[in-house]
Amino acid sequence: MNCPRDTRHGLKSMFFFGLLAFLLVALPAPAKTVTDFDPNLDFSKYKSFAFLGGVENMVMLQIPQDLIDLRTHHAVIRELSKKGLREVQPNENPDLVVRYWATTSQEINISALGKWAPYSTYIGSYWAPTYNDVAAQSTRDSSLVLDLIDPKTKTLAWRLYLIHKITMPEKEWKKAEDEITKAFDSYPPSEKEKGEKKKERAAHPPKPE
């Protein structure tokens with residue numbers, strides 16, 4: 001039995017849009033990288049840094065924490081060295097300390113990640129809007145948050161948010177490293193970027209942590 005022309009046309013349209021929807025779902029989600037910083041800081045005063053590693057008791061990780069720690073440490077050394085900073089030990093009075101935390105799901109309670117030592121999560125105050133923006137991602141993705149903290153004031157100076165499939169094979173980590181390199185291109189922030197950030201923060205009054 002022959003279908004009417006309009007019916008055949010409708011079936012073809014349904015097939016086309018169904019195939020398009022399938023392809024869009026099947027395609028890997030692109031990485032999302034965002035940086036945030038304190039616009040009131042003089043970043044030229046930071047000459048050295050110490051790597052503290054990851055937050056304790058990270059959960060839901062699909063690859064060994066030691067491997068994440070090694071790769072993240074290597075990336076931090078590479079990028080901050082380009083900016084003229086030198087690495088020192090945590091007990092050598094660094095100008096900045098570097099800490100990271102990683103998860104493989106957005107459905108996670110920040111308080112369950114473990115001990116934050118002398119430094120806060122910095123999720124409240126002016127840092128909240130950006131965190132909330134990048135945290136609302138698919139559970140198929142992983143997140144890496146990299147903090148540059150002033151140990152003298154115990155305040156957050158600069159932060160990198162990276163949403164990527166960092167727990168996938170080697171090629172996925174290479175893509176994540178490329179995103180880290182791009183993010184550090186904006187460190188230290190320019191005076192123009194500082195001005196724009198001040199306006200942005202004025203629109204978001206600080207919240208208690």
# chains A, B, ... in the order shown; residues from 1 in each chain; ligands from 1

call {"tool": "residues_around", "arguments": {"residues": "Ala203 of chain A", "least_positions_apart": "6", "cutoff": "12 Å", "atoms": "only C-alpha atoms", "output": "list in words"}}
result
Tyr126, Pro129, Glu196 and Lys197 of chain A

call {"tool": "residues_around", "arguments": {"residues": "segment 180-192 of chain A", "least_positions_apart": "5", "cutoff": "7 Å", "atoms": "only C-alpha atoms", "output": "ChimeraX atom specification"}}
result
/A:35,43,79

call {"tool": "write_last_selection", "arguments": {"atoms": "N, CA and C atoms", "output": "PDB file, in the first residue's frame"}}
result
ATOM      1  N   THR A  35      37.851  31.249  34.404  1.00  0.00           N
ATOM      2  CA  THR A  35      38.741  31.719  35.469  1.00  0.00           C
ATOM      3  C   THR A  35      38.064  32.841  36.243  1.00  0.00           C
ATOM      4  N   PHE A  43      49.058  41.431  41.475  1.00  0.00           N
ATOM      5  CA  PHE A  43      49.602  40.111  41.187  1.00  0.00           C
ATOM      6  C   PHE A  43      51.109  40.134  40.933  1.00  0.00           C
ATOM      7  N   GLU A  79      52.976  26.157  33.783  1.00  0.00           N
ATOM      8  CA  GLU A  79      52.304  27.414  33.483  1.00  0.00           C
ATOM      9  C   GLU A  79      52.796  28.567  34.352  1.00  0.00           C
TER      10      GLU A  79
END

call {"tool": "closest_residue", "arguments": {"among": "A:Trp101, A:Glu177, A:Asp95, A:Lys45", "to": "His74 of chain A", "atoms": "only C-alpha atoms"}}
result
A:Glu177
